[in-house]
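Undergrad: Can you read through this structure? Questions will come right after.
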Amino acid sequence: MTLLDCKSMPAEELRALLTSRGIPAFRAAQLRNWLDAGVTSFEEMRNLPRSLQEEFRSIFWIPTVKIEKKLVSQRDNTVKYLYGLSDGENVESVLMQYHHGWSQCLSTQVGCRMGCSFCATGMGGFVRNLLPSEMIGQIEAAQADTGVRVSSVVLMGMGEPLDNFDHVLRFLQMLSEPGGVHIGMRHVSLSTCGLVDQIYRLMEQNLQLTLSVSLHAPNDEIRSKMMPVNHRWPVAQLLKACREYTEKTGRRISFEYAMVAGVNDSDACAHELGRKLRGMLCHVNLIPVNEVDGKEQRRSPVKRLRAFSAILGKYGIPVTVRRTLGSDINASCGQLRRQEKEDVHGRG
């Protein structure tokens, strides 16, 4: 019999499973309390009878997320983690301090299959989807390590969240349950490179999260070179889905736009983007592109960022320039795992 990941089960589902096996409902609450406390073995659950511990061991397993490396920025307290998973794989996460509290950027996959030209994660290819428990485990490990409370999460680390739709949806369901990390949906931002079919699926859930769409170009010619996903869902199709999403949910979309010198940062690009987004419930987040070893892209100078922002403003589009956090520790995801894999192979 395949063991079930008990830490990926919402409280009601866990209760229903145990009662169907003749186990009292209060035992489900005890099990959930131990899991929320970070216990990783049934033997540690001291208020459970030995016979029940044995039964749980025959039904369940508990995935683990352990800190293997930690980098702390000397500039702004940003913390970058490399986590080790139960199967020996690694993912990264970044903990960032803002005026409103601590926010954590989480990974949703080991690797990524999207292949965006500016991204370090995709250089290692796709390995597997993360379990809901492994997403929650990233938060729990960071909180236990630092003693701070994570008050908001961003699904913008390694992987494409909507490519792991079912596990991400279950994670979101569990995220706001009482007793766990307990983060409300309005404090969640989910980033996608533009999987249009999954945007429509997400729209039907009518969640009160913030959807962030990695646009990065105003037209197909530029975007297809930067993001292979554009061959499947071109800009017009993506923006149509985004408009429908805002109309259905009433939630503003954030368009992420990585500014790459000489590629997508011209005045002409800004005007074209302004025309296409005008009237939509959205804002644009300009991001100085992360310069990754092995990639040719270079970030746009500050003057270009300002000029681009000013043009979008003329079309009535709110614009922010993302604050660069953890620049002294390469806080963007993918690089630490890549280095770890290279080190392992080098030692082998």
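So you can find residues: chains in the structure tokens are A, B, ... in the order shown, residues in each start at 1, and ligands are numbered from 1 in order.
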As a ChimeraX atom specification, please: every residue in range 26-243 of chain A that a backbone DSSP assignment puts in strand (DSSP E).
TA: /A:60-61,65-72,79-85,90-98,101-106,109-111,126-129,150-155,188-192,210-214
Undergrad: Selection from above, C-alpha atoms, as a short mmCIF file (atom, residue, chain, number, x, y, z; two decimals), in the first residue's frame, can you write it?
TA:
```cif
data_model
loop_
_atom_site.label_atom_id
_atom_site.label_comp_id
_atom_site.auth_asym_id
_atom_site.auth_seq_id
_atom_site.Cartn_x
_atom_site.Cartn_y
_atom_site.Cartn_z
CA PHE A 60 1.23 7.81 6.44
CA TRP A 61 4.63 9.30 5.87
CA VAL A 65 12.19 20.13 4.58
CA LYS A 66 15.57 20.84 6.15
CA ILE A 67 17.88 23.83 5.83
CA GLU A 68 21.12 22.84 4.12
CA LYS A 69 22.56 26.28 3.39
CA LYS A 70 21.71 29.76 4.57
CA LEU A 71 22.92 33.13 3.29
CA VAL A 72 22.10 36.36 5.13
CA VAL A 79 17.78 35.44 4.07
CA LYS A 80 18.26 32.91 1.28
CA TYR A 81 17.78 29.22 2.04
CA LEU A 82 18.72 26.05 0.23
CA TYR A 83 16.44 23.31 1.53
CA GLY A 84 17.01 19.58 1.37
CA LEU A 85 13.95 17.41 0.71
CA ASN A 90 16.94 20.76 -3.25
CA VAL A 91 14.84 23.90 -3.58
CA GLU A 92 15.41 27.52 -2.67
CA SER A 93 13.42 30.12 -0.77
CA VAL A 94 13.99 33.74 0.17
CA LEU A 95 12.81 35.51 3.33
CA MET A 96 12.49 39.28 2.98
CA GLN A 97 11.77 42.05 5.45
CA TYR A 98 9.37 44.85 4.51
CA GLY A 101 6.41 42.42 8.06
CA TRP A 102 8.23 39.39 6.73
CA SER A 103 7.44 37.94 3.32
CA GLN A 104 8.70 34.64 1.96
CA CYS A 105 9.22 33.74 -1.68
CA LEU A 106 8.47 30.01 -2.05
CA GLN A 109 8.69 22.76 -8.18
CA VAL A 110 12.16 21.25 -8.20
CA GLY A 111 13.47 22.91 -11.33
CA PHE A 126 12.46 20.08 -14.54
CA VAL A 127 12.70 17.35 -11.87
CA ARG A 128 9.33 17.12 -10.09
CA ASN A 129 6.44 18.97 -8.50
CA VAL A 150 5.98 35.07 8.01
CA SER A 151 2.95 37.24 7.28
CA SER A 152 2.81 36.99 3.48
CA VAL A 153 3.98 34.59 0.81
CA VAL A 154 4.93 34.94 -2.83
CA LEU A 155 4.83 31.89 -5.10
CA VAL A 188 -0.63 35.61 -1.07
CA SER A 189 0.80 36.48 -4.47
CA LEU A 190 0.97 33.79 -7.16
CA SER A 191 3.19 34.29 -10.18
CA THR A 192 2.75 32.63 -13.57
CA THR A 210 -2.92 38.55 -6.13
CA LEU A 211 -2.13 37.08 -9.53
CA SER A 212 1.24 38.18 -10.92
CA VAL A 213 1.81 37.56 -14.62
CA SER A 214 5.36 37.50 -15.96
#
```
Undergrad: Pick out the residues sitting within 9 Å of His216 in chain A, and hand them over as a JSON list (two decimals) with N, CA and C atoms, in the first residue's frame; count only C-alpha atoms, and ignore anything fewer than 5 positions along from it in its own chain.
TA:
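As written to disk, out_20.json reads:
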```
[["chain", "number", "residue", "atom", "x", "y", "z"],
["A", 222, "ILE", "N", 9.26, 39.78, -29.39],
["A", 222, "ILE", "CA", 10.23, 39.84, -28.29],
["A", 222, "ILE", "C", 9.95, 38.76, -27.26],
["A", 223, "ARG", "N", 8.68, 38.58, -26.90],
["A", 223, "ARG", "CA", 8.35, 37.65, -25.81],
["A", 223, "ARG", "C", 8.68, 36.20, -26.17],
["A", 226, "MET", "N", 12.19, 35.45, -25.39],
["A", 226, "MET", "CA", 12.49, 35.42, -23.96],
["A", 226, "MET", "C", 11.80, 34.26, -23.25],
["A", 227, "MET", "N", 10.60, 33.91, -23.71],
["A", 227, "MET", "CA", 9.76, 32.96, -22.99],
["A", 227, "MET", "C", 9.11, 31.98, -23.96],
["A", 255, "PHE", "N", 1.53, 42.86, -13.43],
["A", 255, "PHE", "CA", 2.35, 42.39, -14.54],
["A", 255, "PHE", "C", 3.82, 42.60, -14.20],
["A", 256, "GLU", "N", 4.55, 41.50, -14.14],
["A", 256, "GLU", "CA", 5.99, 41.56, -13.89],
["A", 256, "GLU", "C", 6.70, 41.81, -15.22],
["A", 257, "TYR", "N", 7.63, 42.74, -15.22],
["A", 257, "TYR", "CA", 8.32, 43.12, -16.46],
["A", 257, "TYR", "C", 9.80, 43.28, -16.17],
["A", 258, "ALA", "N", 10.59, 42.26, -16.49],
["A", 258, "ALA", "CA", 12.03, 42.30, -16.27],
["A", 258, "ALA", "C", 12.69, 43.16, -17.35],
["A", 259, "MET", "N", 13.31, 44.22, -16.93],
["A", 259, "MET", "CA", 13.90, 45.17, -17.87],
["A", 259, "MET", "C", 15.29, 44.70, -18.29],
["A", 260, "VAL", "N", 15.41, 44.34, -19.57],
["A", 260, "VAL", "CA", 16.65, 43.81, -20.13],
["A", 260, "VAL", "C", 17.20, 44.85, -21.12],
["A", 264, "ASN", "N", 13.96, 44.83, -24.33],
["A", 264, "ASN", "CA", 12.53, 45.13, -24.13],
["A", 264, "ASN", "C", 12.30, 46.44, -23.39],
["A", 286, "LEU", "N", 8.14, 46.93, -12.67],
["A", 286, "LEU", "CA", 9.39, 46.87, -13.44],
["A", 286, "LEU", "C", 10.49, 46.28, -12.58]]
```
Undergrad: Write out as a list in words all residues of range 163-200 of chain A that DSSP puts in alpha helix (DSSP H) for this structure's backbone.
TA: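 In range 163-200 of chain A, DSSP puts these residues in alpha helix (DSSP H): Phe165, Asp166, His167, Val168, Leu169, Arg170, Phe171, Leu172, Gln173, Met174, Leu175, Val196, Asp197, Gln198, Ile199 and Tyr200 of chain A.
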Undergrad: Can you spit out the residues from that selection as a PDB file, in the first residue's frame, using C-alpha atoms?
TA:
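That gives us out.pdb:
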```pdb
ATOM      1  CA  PHE A 165      -1.929  23.448 -10.126  1.00  0.00           C
ATOM      2  CA  ASP A 166      -3.541  20.792  -7.924  1.00  0.00           C
ATOM      3  CA  HIS A 167      -0.778  20.733  -5.303  1.00  0.00           C
ATOM      4  CA  VAL A 168      -0.605  24.532  -5.209  1.00  0.00           C
ATOM      5  CA  LEU A 169      -4.370  24.786  -4.786  1.00  0.00           C
ATOM      6  CA  ARG A 170      -4.263  22.350  -1.882  1.00  0.00           C
ATOM      7  CA  PHE A 171      -1.359  24.286  -0.342  1.00  0.00           C
ATOM      8  CA  LEU A 172      -3.414  27.483  -0.570  1.00  0.00           C
ATOM      9  CA  GLN A 173      -6.355  25.754   1.091  1.00  0.00           C
ATOM     10  CA  MET A 174      -4.145  24.612   3.975  1.00  0.00           C
ATOM     11  CA  LEU A 175      -2.237  27.898   4.274  1.00  0.00           C
ATOM     12  CA  VAL A 196      -3.663  30.600 -20.104  1.00  0.00           C
ATOM     13  CA  ASP A 197      -5.661  27.408 -19.558  1.00  0.00           C
ATOM     14  CA  GLN A 198      -4.614  27.346 -15.899  1.00  0.00           C
ATOM     15  CA  ILE A 199      -5.373  31.052 -15.435  1.00  0.00           C
ATOM     16  CA  TYR A 200      -8.963  30.222 -16.387  1.00  0.00           C
TER      17      TYR A 200
END
```
Undergrad: Considering only C-alpha atoms, state which residue in the set A:Ser86, A:Thr64, A:Thr19, A:Asn164 is at the smallest distance from Ser41 in chain A.
TA: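 Smallest separation from Ser41 in chain A among the options: A:Thr64.
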Undergrad: Which residue is closest to Leu207 in chain A? Choose from A:Thr246, A:Ser8, A:Ser58, A:Ser117 and count only C-alpha atoms.
TA: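 Checking each of A:Thr246, A:Ser8, A:Ser58, A:Ser117 against Leu207 in chain A, counting only C-alpha atoms, the winner is A:Thr246.
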Undergrad: Just to confirm, what's the straight-line distance from CA of Asn219 in chain A to CA of Gln205 in chain A in Å (one decimal)?
TA: 29.0 Å
Undergrad: Quick one: of A:Ser73, A:Asp265, A:Pro132, A:Glu55, who's nearest to Leu18 in chain A, counting only C-alpha atoms?
TA: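 Of A:Ser73, A:Asp265, A:Pro132, A:Glu55, the one nearest Leu18 in chain A, counting only C-alpha atoms, is A:Glu55.
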Undergrad: Can you work out which one of A:Asp76, A:Ser176, A:Ala241, A:Leu35 has the shortest atom-to-atom distance to Glu140 in chain A, counting only C-alpha atoms?
TA: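 Once distances to Glu140 in chain A are computed over only C-alpha atoms, the minimum belongs to A:Leu35.
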Undergrad: What separation in Å, quoted to one decimal, exists between CA of Arg323 in chain A and CA of Asn285 in chain A?
TA: 10.0 Å
Undergrad: Given the choices A:Ser309, A:Glu247, A:Glu89, A:Arg299, which gets closest to Val284 in chain A if the distance is worked out from only C-alpha atoms?
TA: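 Among A:Ser309, A:Glu247, A:Glu89, A:Arg299, it is A:Ser309 that comes nearest to Val284 in chain A.
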Undergrad: Just want the 12 Å neighbourhood of Arg21 in chain A, counted on only C-alpha atoms, with same-chain residues fewer than 6 positions away dropped. Output as a PyMOL selection string.
TA: chain A and resi 14-15+27-28+52+55-56+59
Undergrad: Could you check the closest approach to Ala25 in chain A for each of A:Val319, A:Arg298, A:Ala11, A:Ala261 and tell me which residue wins, using only C-alpha atoms?
TA: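 Distance minimum relative to Ala25 in chain A lands on A:Ala11.
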